[in-house]
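Report on the structure given below.
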Amino acid sequence: MRMSLAKLDQPEIAKMEKDLERKVSAVEDEERIDQFAKFAKPRIMAVGIGGAGCNIISWVKEKGVTGGRLVSVNTDANHLKISDANRKILIGDKLCKGLGCGGYPELGEKAMRENLSEVIDEVYGANILFLLAGLGGGTGTGGVQALSEELRKRYATDETPHLIVGVVTLPFEIETARMQVAKKGIQRLKAACDTVVVIDNNRLVKLAGNLPFREALGVANTTIGRFVKGVTETITTASLINLDYADLRAIMVGSGLASIGVGDGRGEDRVEQAVEKALNGRLLDVEDVTKARGLLIHVSGGEDMTLEQVHHAGELVKRSIPPKAKVIWGARVSSALQGKANVMVVLTGVESAFLRKHERRIGRFKMPW
Ligand SMILES: Nc1nc2c(ncn2[C@@H]2O[C@H](COP(=O)(O)OP(=O)(O)OP(=O)(O)O)[C@@H](O)[C@H]2O)c(=O)[nH]1
Ligand SMILES: [Mg+2]
């Protein structure tokens, strides 16, 4: 029997209208959620440039990373051949003939410009870009500068949410001539990236127990690889505590330099041990911790790790940084870490005494950057 509207009284009509409105707005809500869900999983890209950059990408590829795309870029064809990535791009083949840049960053920059459109086509549009390079050589140092500057220019004219994070190493002490090249590289990177995570290879070696050169490189690659993998997966996959893109932006946008610290622990008080090591083992000297702008704490442990242990780790870290600093954190469980804990802390918006000393020197000699 069809109901005539005329027979309905006013309150009934009002109720039907309300129901209809609710259904329409539920559909609209779904549409809006769908629209935004596309972005709720940000596109994450890690780009390794030059020998060190490609080695780190190979490490991450071997371990696997959920939710991130890996790209390797090099002027050295043979090295690229043995690298592993989702996409490999040989740059500057006209200039370098596939042979590398021989330590000249100017060549690395030109090589990147030679194939810039190819690299940009591959990486542009990502919401988080990790640009990985070992500073001090030609391809990585020159290439990461040219690429970050081009990305900065392009993102300035569109509304894609983005975060450009440079992750670079400083040369070993024995590579004295390369140190100047690296420090100059950092100045330009600071201007083009939102944050530049600097890892001093020398500090890393000392913390790892004065390892031979080759093994030290392996430790550096593992550390940087873990940083990229950890942040990517805690953002893109369900985790014990999810890291959220907006939070990451809040501590990384326009933050200058960042220092990272890593630590591990075993046994009963594994989380405390790992936190202590991570705080004492920063991989870049920090001039004044109390000036840090943000802190990221990332805890990973086995299935036996409790939320309480994770919170305790957070409390321990927070005690040692300025109360004004914004703190974000994520936690992941991995069955491989049963009985163990890994903690990573990233302090953003810091200054390095070591690098500042050099900035002053550059100022006196009126360098062009
Ligand atoms: N973490 C890490 N650092 C490395 C590795 N290989 C080299 N380095 C460091 O990175 C600096 C640059 O080296 P490469 O990345 O090999 O140089 P490149 O960018 O390929 O430059 P060219 O070979 O001159 O074109 C070196 O001075 C080392 O301090 C590596 O596998 N891991
Ligand atoms: Mg090389």
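Identifiers for the structure tokens are assigned positionally: chains receive A, B, ... in sequence, residues are indexed from 1 per chain, and ligands are indexed from 1 in the order shown.
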Picked from range 172-312 of chain A by DSSP as alpha helix (DSSP H), as a PyMOL selection string: chain A and resi 176-192+201-207+213-236+245-252+270-280+307-312
Shell of 8 Å around range 158-171 of chain A, only C-alpha atoms, local chain residues under 6 positions omitted, as JSON, numbers by chain: {"A": [125, 126, 127, 128, 129, 130, 131, 132, 133, 134, 135, 136, 148, 178, 179, 182, 183, 189, 193, 194, 195, 196, 197, 198, 199, 200, 201, 202, 224, 249, 252, 253]}
Written file, previous selection with C-alpha atoms, as a compact mmCIF listing (two decimals), in the first residue's frame:
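Now in part_6.txt:
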```txt
# COMPACT_ATOMS: atom_id res chain seq x y z
CA GLY A 125 54.47 14.10 -6.91
CA ALA A 126 55.58 12.00 -3.95
CA ASN A 127 54.45 13.33 -0.58
CA ILE A 128 57.65 12.30 1.20
CA LEU A 129 60.95 12.18 -0.61
CA PHE A 130 64.04 10.81 1.07
CA LEU A 131 67.11 11.90 -0.90
CA LEU A 132 70.05 9.71 0.09
CA ALA A 133 73.69 10.40 -0.68
CA GLY A 134 77.16 10.05 0.77
CA LEU A 135 78.60 13.57 0.66
CA GLY A 136 82.18 14.06 -0.46
CA SER A 148 66.58 18.88 -4.39
CA ARG A 178 86.30 15.35 0.74
CA MET A 179 85.23 17.08 3.94
CA ALA A 182 80.63 17.71 1.90
CA LYS A 183 80.26 20.78 4.08
CA LEU A 189 70.91 21.16 0.80
CA CYS A 193 65.27 20.43 1.73
CA ASP A 194 62.81 20.66 4.61
CA THR A 195 65.20 18.77 6.83
CA VAL A 196 68.67 17.41 6.27
CA VAL A 197 69.47 14.41 8.45
CA VAL A 198 73.25 14.40 8.73
CA ILE A 199 75.12 11.29 9.75
CA ASP A 200 78.77 11.71 10.59
CA ASN A 201 80.40 8.49 9.44
CA ASN A 202 83.18 9.04 12.02
CA ILE A 224 70.20 4.90 7.31
CA ARG A 249 55.58 17.44 8.62
CA MET A 252 60.35 18.45 9.69
CA VAL A 253 59.09 21.36 7.58
```
Residues of range 184-347 of chain A in strand (DSSP E or B), written as a PyMOL selection string: chain A and resi 195-200+241+256-266+282+294-301+326-333+340-347
At most 10 Å from ligand 2 (only C-alpha atoms and all ligand atoms): residue list as a list in words: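 So the residues close to ligand 2 are Ile49, Gly50, Gly51, Ala52, Gly53, Cys54, Asn74, Thr75, Asp76, Ala77, Asn78, His79, Leu80, Leu99, Gly100, Cys101, Gly102, Gly103, Gly108, Gly134, Gly137, Gly138, Thr139 and Gly140 of chain A.
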Residues within 8 Å of Lys88 in chain A, only C-alpha atoms, excluding chain neighbours under 3 positions, as a ChimeraX atom specification: /A:71-73,80,84-85
Hey, can you spit out that residue selection with N, CA, C and O atoms as a compact mmCIF listing (two decimals), in the first residue's frame?
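part-v3.txt, freshly written:
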```
# COMPACT_ATOMS: atom_id res chain seq x y z
N VAL A 71 64.33 4.21 -5.69
CA VAL A 71 64.93 4.60 -6.97
C VAL A 71 66.43 4.80 -6.79
O VAL A 71 66.86 5.44 -5.83
N SER A 72 67.22 4.24 -7.69
CA SER A 72 68.68 4.43 -7.63
C SER A 72 69.13 5.22 -8.84
O SER A 72 68.73 4.92 -9.97
N VAL A 73 69.98 6.21 -8.60
CA VAL A 73 70.45 7.09 -9.67
C VAL A 73 71.97 7.16 -9.58
O VAL A 73 72.51 7.43 -8.50
N LEU A 80 75.60 0.75 -10.87
CA LEU A 80 74.14 0.67 -11.01
C LEU A 80 73.71 -0.76 -11.34
O LEU A 80 72.65 -1.22 -10.91
N ASP A 84 70.29 -2.72 -6.44
CA ASP A 84 68.93 -3.23 -6.55
C ASP A 84 67.95 -2.12 -6.16
O ASP A 84 68.16 -1.43 -5.17
N ALA A 85 66.90 -1.94 -6.97
CA ALA A 85 65.93 -0.88 -6.70
C ALA A 85 64.68 -1.16 -7.52
O ALA A 85 64.69 -2.05 -8.37
```
